[in-house]
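All remarks here apply to the structure that follows.
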Amino acid sequence: MIRRALPCVAALALVACAAPPPKPAPVAAARGISPPVATAPAVAGTQQPPAASMHIRELDAARAEFIRNTSQRFGIPAAQIEVVLAGAQIRDSIIKAMSRPAEAKPWRDYRPIFLQPARIDAGRAFLAAHREDLQRAEDKYGVPKEIIAAILGVETGYGGNKGSYPVVDALYTLAFAYPRSGDPAKLAYEDRREAFFRDELAQLFALGKEEHLDITSLKGSYAGAMGWGQFMPSSYRQFAVDGDGDGKRDLFNDLDDVFASVANYFAQKGQWQRGGLVMVRAVRGADAQDFVNPGNAVTLDQTLAGLAALDYRPASPVTLAPATPLTLITLDGAAGPEYWIVFNDFKAITTYNISRHYATAVYQLSELIAGRSGDAG
């Protein structure tokens with residue numbers, strides 16, 4: 001789950017950014033449709049500029065194809081989809097927010113957003129207030145209760161800010177007007193992201209049908225993530241569970257469902273290992289060369305012995321099976337580079353939001369909530 005408000009904004013895309021883009025029907029994403037708000041409105045006695053008219057025609061064609069595909073895919077009347085989209089708005093504020101994610105900040109600037117005394121204290125109080133319910137989710141799914149609490153702390157300030165954007169508007173904007181940098185090297189990525197959000201908009205209609213939700217009333221993040229845990233529609237459909245047996249999966253109001261669903265997400269999508277390590281500090285030896293591990297995706301292609309041969313070692317003794325998969329990441333800390341050995345359960349957190357900064361913040365917050373230092377640095 002993204003995907004994943006600035007305490008929310010940095011991670012509100014949560015499961016959105018975590019999941020690889022799906023492959024919906026190739027509607028007009030590759031054409032880079034311009035937002036209709038950027039075109040001049042028709043005025044009586046005047047003629048639309050050819051470029052503006054072309055963009056409007058492309059948008060209309062893409063919408064029509066989206067409606068046909070979504071109706072056929074999920075068995076929803078096309079007229080019902082049309083009515084919802086007729087009321088949707090492309091919002092410039094959403095485009096701007098998507099263009100400046102907090103995850104782009106260096107770790108030294110990202111860390112203070114989430115690892116602050118007020119959030120830590122609130123997390124400890126939240127854990128104390130819901131310990132039994134969180135423990136039930138931990139017992140069933142193997143995900144520590146403090147990790148579940150930390151996710152909710154990072155995503156929504158423990159439910160205090162679940163987002164104020166109409167979810168339909170957020171997904172409609174990013175589905176048909178995803179921000180474009182103009183950089184040819186980024187075109188394919190931007191096309192994939194627009195296609196991803198177009199699929200999530202379709203998934204929202206399916207979610208409304210299945211859960212009997214009025215999707216026009218739902219509020220969430222600028223990326224369309226919803227509820228306490230900020231699930232994208234596809235993640236809600238796939239990983240939400242009924243935690244208290246009342247026959248519903250309510251991630252907006254039912255904390256039993258919220259706790260169980262976050263834990264189930266990690267267990268199912270992240271393949272969480274009960275009792276596994278998340279991350280430990282590493283020490284770089286004098287003869288070590290820079291460890292090249294670009295991007296955000298975490299590939300567990302090393303072992304402790306392999307890192308030792310490169311002159312990187314755990315700062316404290318660690319007992320592991322020799323073949324345990326892991327890797328090394330480097331963060332730009334306030335006091336200089338920080339070296340961390342990360343494991344399967346770190347990678348599991350990145351399925352919620354692919355950013356290494358996000359995963360580190362969640363883990364370190366969880367450790368502080370639990371009353372441990374987490375070697376937070």
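Chain labels A, B, ... are given in the sequence in which chains occur in the structure tokens; within each chain residues are numbered consecutively from 1, and ligands are likewise numbered from 1 in the order shown.
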Would you give me, as CSV, each residue of stretch 257-333 of chain A having an atom within 8 Å of an atom of stretch 361-376 of chain A, along with its shortest atom pair and that distance in Å to one decimal, using only C-alpha atoms and sorting by chain and residue number?
residue,atom,partner,partner_atom,distance
A:Val278,CA,A:Tyr363,CA,7.5
A:Val280,CA,A:Asp375,CA,7.9
A:Arg281,CA,A:Asp375,CA,7.2
I need the residues from that last selection saved to file as a compact mmCIF listing (two decimals), in the first residue's frame (with all heavy atoms), if you can.
# COMPACT_ATOMS: atom_id res chain seq x y z
N VAL A 278 14.82 -6.48 9.82
CA VAL A 278 14.42 -5.45 8.85
C VAL A 278 15.66 -4.75 8.31
O VAL A 278 15.95 -4.78 7.11
CB VAL A 278 13.45 -4.44 9.48
CG1 VAL A 278 13.10 -3.34 8.48
CG2 VAL A 278 12.18 -5.14 9.95
N VAL A 280 19.88 -3.33 9.74
CA VAL A 280 20.87 -3.12 10.80
C VAL A 280 21.97 -2.21 10.26
O VAL A 280 22.27 -2.21 9.06
CB VAL A 280 21.50 -4.45 11.29
CG1 VAL A 280 20.45 -5.35 11.91
CG2 VAL A 280 22.22 -5.18 10.17
N ARG A 281 22.54 -1.44 11.16
CA ARG A 281 23.64 -0.55 10.78
C ARG A 281 24.83 -1.35 10.26
O ARG A 281 25.12 -2.45 10.73
CB ARG A 281 24.11 0.26 11.98
CG ARG A 281 23.29 1.48 12.28
CD ARG A 281 23.77 2.67 11.48
NE ARG A 281 23.24 3.91 12.04
CZ ARG A 281 23.54 5.10 11.60
NH1 ARG A 281 24.38 5.25 10.58
NH2 ARG A 281 23.01 6.18 12.16
Using only C-alpha atoms, what table do you get, as CSV, when you list each residue of stretch 146-192 of chain A with an atom no more than 10 Å from stretch 120-127 of chain A, its nearest pair of atoms, and their distance in Å rounded to one decimal, rows by chain then rising number?
residue,atom,partner,partner_atom,distance
A:Glu146,CA,A:Leu127,CA,7.1
A:Ile148,CA,A:Leu127,CA,9.4
A:Ala149,CA,A:Leu127,CA,6.6
A:Ala150,CA,A:Gly123,CA,7.0
A:Leu152,CA,A:Gly123,CA,8.9
A:Gly153,CA,A:Gly123,CA,6.6
A:Val154,CA,A:Gly123,CA,9.8
A:Gly157,CA,A:Ala122,CA,8.3
A:Tyr158,CA,A:Phe126,CA,7.4
Keeping only all heavy atoms, write the selected residues to a file as a PDB file, in the first residue's frame.
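Okay, result21.pdb is ready:
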ATOM      1  N   GLU A 146       3.998  -2.875  16.254  1.00  0.00           N
ATOM      2  CA  GLU A 146       4.569  -1.532  16.133  1.00  0.00           C
ATOM      3  C   GLU A 146       4.800  -1.138  14.674  1.00  0.00           C
ATOM      4  O   GLU A 146       4.771   0.050  14.334  1.00  0.00           O
ATOM      5  CB  GLU A 146       5.868  -1.429  16.930  1.00  0.00           C
ATOM      6  CG  GLU A 146       6.942  -2.428  16.557  1.00  0.00           C
ATOM      7  CD  GLU A 146       6.901  -3.681  17.402  1.00  0.00           C
ATOM      8  OE1 GLU A 146       5.829  -4.001  17.962  1.00  0.00           O
ATOM      9  OE2 GLU A 146       7.969  -4.342  17.515  1.00  0.00           O
ATOM     10  N   ILE A 148       2.689  -2.063  12.242  1.00  0.00           N
ATOM     11  CA  ILE A 148       1.341  -1.656  11.823  1.00  0.00           C
ATOM     12  C   ILE A 148       1.053  -0.241  12.307  1.00  0.00           C
ATOM     13  O   ILE A 148       0.557   0.613  11.556  1.00  0.00           O
ATOM     14  CB  ILE A 148       0.295  -2.642  12.356  1.00  0.00           C
ATOM     15  CG1 ILE A 148       0.568  -4.059  11.849  1.00  0.00           C
ATOM     16  CG2 ILE A 148      -1.120  -2.197  11.965  1.00  0.00           C
ATOM     17  CD1 ILE A 148      -0.290  -5.134  12.513  1.00  0.00           C
ATOM     18  N   ALA A 149       1.360   0.028  13.566  1.00  0.00           N
ATOM     19  CA  ALA A 149       1.127   1.370  14.114  1.00  0.00           C
ATOM     20  C   ALA A 149       1.945   2.419  13.386  1.00  0.00           C
ATOM     21  O   ALA A 149       1.458   3.521  13.089  1.00  0.00           O
ATOM     22  CB  ALA A 149       1.445   1.381  15.612  1.00  0.00           C
ATOM     23  N   ALA A 150       3.202   2.094  13.072  1.00  0.00           N
ATOM     24  CA  ALA A 150       4.067   3.059  12.390  1.00  0.00           C
ATOM     25  C   ALA A 150       3.554   3.383  10.991  1.00  0.00           C
ATOM     26  O   ALA A 150       3.619   4.543  10.549  1.00  0.00           O
ATOM     27  CB  ALA A 150       5.495   2.534  12.322  1.00  0.00           C
ATOM     28  N   LEU A 152       0.466   3.466  10.078  1.00  0.00           N
ATOM     29  CA  LEU A 152      -0.650   4.395  10.264  1.00  0.00           C
ATOM     30  C   LEU A 152      -0.155   5.767  10.704  1.00  0.00           C
ATOM     31  O   LEU A 152      -0.743   6.793  10.341  1.00  0.00           O
ATOM     32  CB  LEU A 152      -1.633   3.828  11.282  1.00  0.00           C
ATOM     33  CG  LEU A 152      -2.219   2.450  10.933  1.00  0.00           C
ATOM     34  CD1 LEU A 152      -3.186   1.990  12.015  1.00  0.00           C
ATOM     35  CD2 LEU A 152      -2.916   2.486   9.579  1.00  0.00           C
ATOM     36  N   GLY A 153       0.946   5.786  11.464  1.00  0.00           N
ATOM     37  CA  GLY A 153       1.513   7.066  11.872  1.00  0.00           C
ATOM     38  C   GLY A 153       2.101   7.836  10.719  1.00  0.00           C
ATOM     39  O   GLY A 153       1.940   9.065  10.614  1.00  0.00           O
ATOM     40  N   VAL A 154       2.797   7.150   9.833  1.00  0.00           N
ATOM     41  CA  VAL A 154       3.397   7.806   8.673  1.00  0.00           C
ATOM     42  C   VAL A 154       2.329   8.201   7.664  1.00  0.00           C
ATOM     43  O   VAL A 154       2.359   9.301   7.107  1.00  0.00           O
ATOM     44  CB  VAL A 154       4.440   6.872   8.016  1.00  0.00           C
ATOM     45  CG1 VAL A 154       4.864   7.384   6.648  1.00  0.00           C
ATOM     46  CG2 VAL A 154       5.667   6.736   8.918  1.00  0.00           C
ATOM     47  N   GLY A 157      -1.024  10.046  10.292  1.00  0.00           N
ATOM     48  CA  GLY A 157      -0.939  10.577  11.652  1.00  0.00           C
ATOM     49  C   GLY A 157      -1.893   9.852  12.579  1.00  0.00           C
ATOM     50  O   GLY A 157      -2.629  10.474  13.346  1.00  0.00           O
ATOM     51  N   TYR A 158      -1.912   8.493  12.486  1.00  0.00           N
ATOM     52  CA  TYR A 158      -2.772   7.644  13.310  1.00  0.00           C
ATOM     53  C   TYR A 158      -4.251   7.994  13.102  1.00  0.00           C
ATOM     54  O   TYR A 158      -5.048   8.045  14.034  1.00  0.00           O
ATOM     55  CB  TYR A 158      -2.379   7.753  14.786  1.00  0.00           C
ATOM     56  CG  TYR A 158      -0.903   7.591  14.993  1.00  0.00           C
ATOM     57  CD1 TYR A 158      -0.081   8.706  15.236  1.00  0.00           C
ATOM     58  CD2 TYR A 158      -0.291   6.344  14.897  1.00  0.00           C
ATOM     59  CE1 TYR A 158       1.296   8.564  15.379  1.00  0.00           C
ATOM     60  CE2 TYR A 158       1.082   6.205  15.037  1.00  0.00           C
ATOM     61  CZ  TYR A 158       1.867   7.319  15.269  1.00  0.00           C
ATOM     62  OH  TYR A 158       3.232   7.190  15.403  1.00  0.00           O
TER      63      TYR A 158
END
**Asked** Mind pulling up the distance from atom CA of A:Gln203 to atom CA of A:Gln238?
**Response** 10.4 Å
**Of the listed residues A:Ala86, A:Asp250, A:Asn353, A:Pro117, that which approaches A:Asp60 most closely, counting only C-alpha atoms** =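 Result for the nearest residue to A:Asp60: A:Ala86.
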**Message:** For A:Leu310, find every residue with an atom within 9 Å (counting only C-alpha atoms), except residues of its own chain fewer than 6 positions away, and show them as a PyMOL selection string.
**Reply:** chain A and resi 284-285+287-289+291
For the residues selected in the previous step, produce a file with all heavy atoms as an mmCIF file, in the first residue's frame.
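That gives us selection-v7.cif:
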data_model
loop_
_atom_site.group_PDB
_atom_site.id
_atom_site.type_symbol
_atom_site.label_atom_id
_atom_site.label_comp_id
_atom_site.auth_asym_id
_atom_site.auth_seq_id
_atom_site.Cartn_x
_atom_site.Cartn_y
_atom_site.Cartn_z
ATOM 1 N N ARG A 284 31.524 0.686 7.262
ATOM 2 C CA ARG A 284 32.315 0.619 6.033
ATOM 3 C C ARG A 284 33.793 0.590 6.389
ATOM 4 O O ARG A 284 34.296 1.461 7.111
ATOM 5 C CB ARG A 284 32.006 1.829 5.160
ATOM 6 C CG ARG A 284 32.881 1.924 3.915
ATOM 7 C CD ARG A 284 32.474 3.081 3.044
ATOM 8 N NE ARG A 284 33.404 3.243 1.922
ATOM 9 C CZ ARG A 284 33.093 3.839 0.777
ATOM 10 N NH1 ARG A 284 31.877 4.327 0.598
ATOM 11 N NH2 ARG A 284 33.998 3.946 -0.181
ATOM 12 N N GLY A 285 34.504 -0.409 5.870
ATOM 13 C CA GLY A 285 35.934 -0.511 6.131
ATOM 14 C C GLY A 285 36.740 0.505 5.343
ATOM 15 O O GLY A 285 36.264 1.095 4.360
ATOM 16 N N ASP A 287 39.087 0.122 3.306
ATOM 17 C CA ASP A 287 39.407 -0.264 1.928
ATOM 18 C C ASP A 287 38.165 -0.493 1.064
ATOM 19 O O ASP A 287 38.297 -0.905 -0.101
ATOM 20 C CB ASP A 287 40.252 -1.540 1.929
ATOM 21 C CG ASP A 287 41.596 -1.344 2.614
ATOM 22 O OD1 ASP A 287 42.129 -0.217 2.518
ATOM 23 O OD2 ASP A 287 42.091 -2.304 3.234
ATOM 24 N N ALA A 288 36.986 -0.238 1.616
ATOM 25 C CA ALA A 288 35.756 -0.503 0.868
ATOM 26 C C ALA A 288 35.570 0.507 -0.252
ATOM 27 O O ALA A 288 35.860 1.699 -0.095
ATOM 28 C CB ALA A 288 34.557 -0.462 1.801
ATOM 29 N N GLN A 289 35.087 0.027 -1.350
ATOM 30 C CA GLN A 289 34.675 0.908 -2.430
ATOM 31 C C GLN A 289 33.181 1.179 -2.303
ATOM 32 O O GLN A 289 32.459 0.474 -1.594
ATOM 33 C CB GLN A 289 34.994 0.265 -3.782
ATOM 34 C CG GLN A 289 36.478 0.052 -4.021
ATOM 35 C CD GLN A 289 36.758 -0.505 -5.406
ATOM 36 O OE1 GLN A 289 35.835 -0.855 -6.146
ATOM 37 N NE2 GLN A 289 38.031 -0.592 -5.751
ATOM 38 N N PHE A 291 29.435 1.043 -2.687
ATOM 39 C CA PHE A 291 28.563 -0.069 -3.063
ATOM 40 C C PHE A 291 27.483 0.492 -3.980
ATOM 41 O O PHE A 291 26.672 1.328 -3.578
ATOM 42 C CB PHE A 291 27.942 -0.703 -1.815
ATOM 43 C CG PHE A 291 27.141 -1.935 -2.099
ATOM 44 C CD1 PHE A 291 27.766 -3.174 -2.129
ATOM 45 C CD2 PHE A 291 25.780 -1.867 -2.363
ATOM 46 C CE1 PHE A 291 27.030 -4.328 -2.394
ATOM 47 C CE2 PHE A 291 25.053 -3.003 -2.626
ATOM 48 C CZ PHE A 291 25.670 -4.247 -2.645
#
Where does stretch 324-372 of chain A meet stretch 101-112 of chain A within 10 Å, residue by residue, with the nearest atom pair and distance in Å to one decimal for each, counting only C-alpha atoms, listed by chain and rising number, as a Markdown table?
| residue | atom | partner | partner_atom | distance |
| --- | --- | --- | --- | --- |
| A:Thr330 | CA | A:Trp107 | CA | 9.7 |
| A:Leu331 | CA | A:Trp107 | CA | 6.0 |
| A:Asp332 | CA | A:Trp107 | CA | 5.3 |
| A:Gly333 | CA | A:Arg108 | CA | 4.6 |
| A:Ala334 | CA | A:Arg108 | CA | 4.9 |
| A:Ala335 | CA | A:Arg108 | CA | 8.5 |
| A:Gly336 | CA | A:Arg108 | CA | 8.9 |
| A:Pro337 | CA | A:Trp107 | CA | 9.7 |
| A:Glu338 | CA | A:Trp107 | CA | 9.5 |
| A:Asn353 | CA | A:Glu103 | CA | 9.7 |
| A:Ile354 | CA | A:Glu103 | CA | 9.6 |
| A:Ser355 | CA | A:Glu103 | CA | 6.5 |
| A:Arg356 | CA | A:Glu103 | CA | 8.5 |
| A:His357 | CA | A:Trp107 | CA | 6.2 |
| A:Tyr358 | CA | A:Glu103 | CA | 7.1 |
| A:Thr360 | CA | A:Arg111 | CA | 8.6 |
| A:Ala361 | CA | A:Arg111 | CA | 6.4 |
| A:Gln364 | CA | A:Arg111 | CA | 9.5 |
| A:Leu365 | CA | A:Arg111 | CA | 9.9 |
**Which residue of A:Val241, A:Ala308, A:Ile341, A:Leu277 approaches A:Tyr141 most closely, using only C-alpha atoms** =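 Between A:Val241, A:Ala308, A:Ile341, A:Leu277, the residue approaching A:Tyr141 most closely is A:Val241.
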**Message:** Give me, as an MDAnalysis selection string, all polymer residues having an atom no more than 10 Å from A:Lys209, counting only C-alpha atoms and skipping those fewer than 6 positions away in the same chain.
**Reply:** chainID A and resid 74:76 203 215
Could you write out the selected residues, including all heavy atoms, as a short mmCIF file (atom, residue, chain, number, x, y, z; two decimals), in the first residue's frame?
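Saved to again-v7.cif:
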data_model
loop_
_atom_site.label_atom_id
_atom_site.label_comp_id
_atom_site.auth_asym_id
_atom_site.auth_seq_id
_atom_site.Cartn_x
_atom_site.Cartn_y
_atom_site.Cartn_z
N PHE A 74 -15.79 -4.93 -15.56
CA PHE A 74 -16.34 -5.12 -14.22
C PHE A 74 -17.87 -5.23 -14.19
O PHE A 74 -18.45 -5.30 -13.11
CB PHE A 74 -15.89 -3.98 -13.30
CG PHE A 74 -14.40 -3.93 -13.11
CD1 PHE A 74 -13.67 -2.84 -13.55
CD2 PHE A 74 -13.72 -4.96 -12.49
CE1 PHE A 74 -12.28 -2.78 -13.37
CE2 PHE A 74 -12.35 -4.93 -12.32
CZ PHE A 74 -11.63 -3.82 -12.76
N GLY A 75 -18.50 -5.23 -15.36
CA GLY A 75 -19.94 -5.39 -15.40
C GLY A 75 -20.68 -4.22 -14.79
O GLY A 75 -21.70 -4.39 -14.10
N ILE A 76 -20.20 -3.01 -15.03
CA ILE A 76 -20.82 -1.80 -14.51
C ILE A 76 -21.46 -1.06 -15.68
O ILE A 76 -20.81 -0.88 -16.72
CB ILE A 76 -19.78 -0.90 -13.81
CG1 ILE A 76 -19.12 -1.66 -12.66
CG2 ILE A 76 -20.42 0.39 -13.31
CD1 ILE A 76 -17.91 -0.95 -12.08
N GLN A 203 -10.41 0.44 -11.08
CA GLN A 203 -10.52 -0.38 -9.88
C GLN A 203 -11.43 0.29 -8.85
O GLN A 203 -12.12 -0.41 -8.07
CB GLN A 203 -9.13 -0.61 -9.28
CG GLN A 203 -8.17 -1.37 -10.16
CD GLN A 203 -8.31 -2.87 -10.06
OE1 GLN A 203 -9.02 -3.38 -9.20
NE2 GLN A 203 -7.63 -3.59 -10.94
N ILE A 215 -18.63 6.06 -4.38
CA ILE A 215 -17.26 6.48 -4.62
C ILE A 215 -17.14 7.99 -4.77
O ILE A 215 -16.06 8.56 -4.56
CB ILE A 215 -16.63 5.76 -5.82
CG1 ILE A 215 -17.37 6.09 -7.12
CG2 ILE A 215 -16.58 4.26 -5.57
CD1 ILE A 215 -16.68 5.52 -8.35
#
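Between A:Tyr352 and the residues A:Ile151, A:Ile329, A:Ala202, A:Leu115, the shortest atom-to-atom distance, using only C-alpha atoms, involves A:Ile151.
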**Prompt:** Could you pull out all residues of stretch 96-246 of chain A with a DSSP call of helix (DSSP H, G or I) and give them as a ChimeraX atom specification?
**Reply:** /A:96-98,102-104,107-114,117-129,131-141,145-156,167-176,184-211,215-217,233-239
**Item:** Between atom CA of A:Ile95 and atom CA of A:Val168, distance in Å (one decimal)
**Value:** 14.2 Å
**Prompt:** Which residues come within 6 Å of stretch 169-183 of chain A, counting only C-alpha atoms, excluding same-chain residues fewer than 5 positions away, as number ranges by chain?
**Reply:** A: 34-35, 88-90, 95, 194, 197-198, 201, 222-224
**Request:** To one decimal in Å, tell me the separation between atom CA of A:Leu300 and atom CA of A:Pro144.
**Result:** 21.6 Å
Shell around A:Ala137 at 9 Å using only C-alpha atoms, local window under 3 positions removed, as an mmCIF file with N, CA, C and O atoms, in the first residue's frame:
data_model
loop_
_atom_site.group_PDB
_atom_site.id
_atom_site.type_symbol
_atom_site.label_atom_id
_atom_site.label_comp_id
_atom_site.auth_asym_id
_atom_site.auth_seq_id
_atom_site.Cartn_x
_atom_site.Cartn_y
_atom_site.Cartn_z
ATOM 1 N N GLU A 132 -4.233 -4.757 22.366
ATOM 2 C CA GLU A 132 -4.838 -6.079 22.202
ATOM 3 C C GLU A 132 -5.270 -6.317 20.758
ATOM 4 O O GLU A 132 -5.053 -7.405 20.197
ATOM 5 N N ASP A 133 -5.886 -5.305 20.144
ATOM 6 C CA ASP A 133 -6.345 -5.447 18.767
ATOM 7 C C ASP A 133 -5.154 -5.590 17.814
ATOM 8 O O ASP A 133 -5.178 -6.401 16.877
ATOM 9 N N LEU A 134 -4.121 -4.797 18.038
ATOM 10 C CA LEU A 134 -2.918 -4.890 17.211
ATOM 11 C C LEU A 134 -2.229 -6.228 17.409
ATOM 12 O O LEU A 134 -1.695 -6.816 16.465
ATOM 13 N N LYS A 140 -1.881 -13.289 14.020
ATOM 14 C CA LYS A 140 -2.416 -13.967 12.837
ATOM 15 C C LYS A 140 -1.486 -13.861 11.640
ATOM 16 O O LYS A 140 -1.290 -14.836 10.899
ATOM 17 N N TYR A 141 -0.899 -12.672 11.430
ATOM 18 C CA TYR A 141 -0.165 -12.429 10.185
ATOM 19 C C TYR A 141 1.351 -12.358 10.357
ATOM 20 O O TYR A 141 2.083 -12.360 9.368
ATOM 21 N N GLY A 142 1.811 -12.257 11.603
ATOM 22 C CA GLY A 142 3.253 -12.240 11.844
ATOM 23 C C GLY A 142 3.911 -10.899 11.710
ATOM 24 O O GLY A 142 5.138 -10.780 11.837
ATOM 25 N N VAL A 143 3.149 -9.844 11.481
ATOM 26 C CA VAL A 143 3.700 -8.496 11.320
ATOM 27 C C VAL A 143 3.646 -7.788 12.670
ATOM 28 O O VAL A 143 2.573 -7.681 13.273
ATOM 29 N N PRO A 144 4.781 -7.309 13.185
ATOM 30 C CA PRO A 144 4.784 -6.690 14.514
ATOM 31 C C PRO A 144 3.782 -5.552 14.638
ATOM 32 O O PRO A 144 3.604 -4.752 13.719
ATOM 33 N N LYS A 145 3.174 -5.489 15.799
ATOM 34 C CA LYS A 145 2.154 -4.465 16.025
ATOM 35 C C LYS A 145 2.719 -3.057 15.893
ATOM 36 O O LYS A 145 2.029 -2.140 15.457
ATOM 37 N N ILE A 148 2.689 -2.063 12.242
ATOM 38 C CA ILE A 148 1.341 -1.656 11.823
ATOM 39 C C ILE A 148 1.053 -0.241 12.307
ATOM 40 O O ILE A 148 0.557 0.613 11.556
ATOM 41 N N GLY A 243 -11.550 -7.860 9.609
ATOM 42 C CA GLY A 243 -10.810 -8.212 10.808
ATOM 43 C C GLY A 243 -11.654 -8.590 11.995
ATOM 44 O O GLY A 243 -11.156 -9.207 12.945
ATOM 45 N N ASP A 256 -10.298 -2.737 13.527
ATOM 46 C CA ASP A 256 -9.985 -4.169 13.412
ATOM 47 C C ASP A 256 -9.694 -4.520 11.963
ATOM 48 O O ASP A 256 -8.755 -5.259 11.656
ATOM 49 N N PHE A 259 -6.200 -2.782 10.949
ATOM 50 C CA PHE A 259 -5.005 -3.477 11.453
ATOM 51 C C PHE A 259 -4.781 -4.784 10.683
ATOM 52 O O PHE A 259 -3.663 -5.086 10.250
ATOM 53 N N ALA A 260 -5.843 -5.550 10.521
ATOM 54 C CA ALA A 260 -5.712 -6.831 9.843
ATOM 55 C C ALA A 260 -5.335 -6.641 8.376
ATOM 56 O O ALA A 260 -4.556 -7.425 7.821
ATOM 57 N N SER A 261 -5.857 -5.616 7.751
ATOM 58 C CA SER A 261 -5.600 -5.399 6.326
ATOM 59 C C SER A 261 -4.166 -4.951 6.070
ATOM 60 O O SER A 261 -3.534 -5.402 5.107
ATOM 61 N N VAL A 262 -3.643 -4.068 6.914
ATOM 62 C CA VAL A 262 -2.242 -3.665 6.772
ATOM 63 C C VAL A 262 -1.334 -4.874 6.954
ATOM 64 O O VAL A 262 -0.397 -5.108 6.176
ATOM 65 N N ALA A 263 -1.613 -5.667 7.980
ATOM 66 C CA ALA A 263 -0.799 -6.859 8.231
ATOM 67 C C ALA A 263 -0.931 -7.871 7.092
ATOM 68 O O ALA A 263 0.066 -8.474 6.660
ATOM 69 N N ASN A 264 -2.142 -8.052 6.594
ATOM 70 C CA ASN A 264 -2.350 -8.987 5.488
ATOM 71 C C ASN A 264 -1.627 -8.516 4.232
ATOM 72 O O ASN A 264 -1.077 -9.335 3.477
#
**Message:** I'd like to know which of A:Thr156, A:Gln80, A:Gln268, A:Asn293 is closest to A:Met226, using only C-alpha atoms.
**Reply:**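 For A:Met226, the nearest of the candidates is A:Thr156.
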**Message:** Let me make sure I understand: among A:Tyr189, A:Phe239, A:Trp340, A:Trp272, which one has the smallest atom-to-atom distance to A:Glu138 if we use only C-alpha atoms?
**Reply:**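 Of A:Tyr189, A:Phe239, A:Trp340, A:Trp272, the one nearest A:Glu138, counting only C-alpha atoms, is A:Trp272.
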**Request:** Within stretch 268-371 of chain A, find each residue whose DSSP state, derived from the backbone, is strand (DSSP E), and express the selection as a ChimeraX atom specification.
**Result:** /A:279-284,312-314,327-333,336-342
Quick one: write out the picked residues with N, CA and C atoms as a short mmCIF file (atom, residue, chain, number, x, y, z; two decimals), in the first residue's frame?
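Written out: selection01.cif:
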data_model
loop_
_atom_site.label_atom_id
_atom_site.label_comp_id
_atom_site.auth_asym_id
_atom_site.auth_seq_id
_atom_site.Cartn_x
_atom_site.Cartn_y
_atom_site.Cartn_z
N MET A 279 16.42 -4.13 9.21
CA MET A 279 17.65 -3.45 8.79
C MET A 279 18.58 -3.30 10.00
N VAL A 280 19.88 -3.33 9.74
CA VAL A 280 20.87 -3.12 10.80
C VAL A 280 21.97 -2.21 10.26
N ARG A 281 22.54 -1.44 11.16
CA ARG A 281 23.64 -0.55 10.78
C ARG A 281 24.83 -1.35 10.26
N ALA A 282 25.51 -0.77 9.30
CA ALA A 282 26.73 -1.38 8.77
C ALA A 282 27.89 -0.41 8.94
N VAL A 283 29.07 -0.99 9.02
CA VAL A 283 30.30 -0.21 9.11
C VAL A 283 31.08 -0.41 7.82
N ARG A 284 31.52 0.69 7.26
CA ARG A 284 32.31 0.62 6.03
C ARG A 284 33.79 0.59 6.39
N TYR A 312 32.32 -4.37 4.10
CA TYR A 312 31.17 -3.82 4.83
C TYR A 312 30.71 -4.90 5.82
N ARG A 313 30.51 -4.50 7.07
CA ARG A 313 30.12 -5.47 8.11
C ARG A 313 29.05 -4.87 9.01
N PRO A 314 28.23 -5.71 9.66
CA PRO A 314 27.26 -5.18 10.63
C PRO A 314 27.97 -4.45 11.76
N THR A 327 20.98 -6.98 1.27
CA THR A 327 21.77 -6.06 0.48
C THR A 327 22.14 -4.86 1.35
N LEU A 328 22.86 -3.93 0.75
CA LEU A 328 23.33 -2.74 1.46
C LEU A 328 22.71 -1.52 0.81
N ILE A 329 22.26 -0.57 1.62
CA ILE A 329 21.82 0.72 1.10
C ILE A 329 22.60 1.82 1.79
N THR A 330 22.73 2.93 1.12
CA THR A 330 23.42 4.11 1.66
C THR A 330 22.44 5.26 1.71
N LEU A 331 22.35 5.91 2.86
CA LEU A 331 21.46 7.06 3.04
C LEU A 331 22.30 8.30 3.34
N ASP A 332 21.83 9.44 2.84
CA ASP A 332 22.52 10.71 3.07
C ASP A 332 22.09 11.29 4.41
N GLY A 333 22.77 10.91 5.46
CA GLY A 333 22.41 11.35 6.80
C GLY A 333 22.94 12.73 7.13
N GLY A 336 26.61 12.62 7.55
CA GLY A 336 27.34 11.98 6.47
C GLY A 336 26.66 10.70 6.04
N PRO A 337 27.28 9.91 5.18
CA PRO A 337 26.65 8.69 4.68
C PRO A 337 26.36 7.70 5.81
N GLU A 338 25.19 7.08 5.73
CA GLU A 338 24.80 6.01 6.64
C GLU A 338 24.72 4.72 5.83
N TYR A 339 25.30 3.66 6.35
CA TYR A 339 25.29 2.37 5.67
C TYR A 339 24.39 1.40 6.45
N TRP A 340 23.49 0.76 5.73
CA TRP A 340 22.53 -0.13 6.36
C TRP A 340 22.46 -1.43 5.58
N ILE A 341 22.46 -2.54 6.29
CA ILE A 341 22.18 -3.84 5.69
C ILE A 341 20.68 -4.08 5.85
N VAL A 342 20.01 -4.38 4.74
CA VAL A 342 18.56 -4.55 4.77
C VAL A 342 18.19 -5.96 4.32
#
**Message:** Let me make sure I understand: among A:Thr324, A:Asp254, A:Lys248, A:Asn344, which one has the smallest atom-to-atom distance to A:Gln273 if we use only C-alpha atoms?
**Reply:**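 Closest residue, counting only C-alpha atoms: A:Asn344.
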**Asked** Counting only C-alpha atoms, what is within 10 Å of A:Arg237, bar same-chain residues fewer than 6 positions away, as a list in words?
**Response** Gln203, Leu204, Ala206, Leu207, Gly208, Glu210, Glu211, Phe231 and Arg249 of chain A
So that I have them on file, write out the residues from the current selection with C-alpha atoms, as a short mmCIF file (atom, residue, chain, number, x, y, z; two decimals), in the first residue's frame.
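File written: selection_21.cif
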data_model
loop_
_atom_site.label_atom_id
_atom_site.label_comp_id
_atom_site.auth_asym_id
_atom_site.auth_seq_id
_atom_site.Cartn_x
_atom_site.Cartn_y
_atom_site.Cartn_z
CA GLN A 203 -10.52 -0.38 -9.88
CA LEU A 204 -12.32 2.33 -7.87
CA ALA A 206 -15.14 -2.05 -9.12
CA LEU A 207 -14.51 -1.38 -5.42
CA GLY A 208 -17.63 0.74 -5.18
CA GLU A 210 -18.24 -4.77 -4.48
CA GLU A 211 -18.27 -2.88 -1.18
CA PHE A 231 -4.86 1.81 0.32
CA ARG A 249 -14.13 -4.62 4.90
#
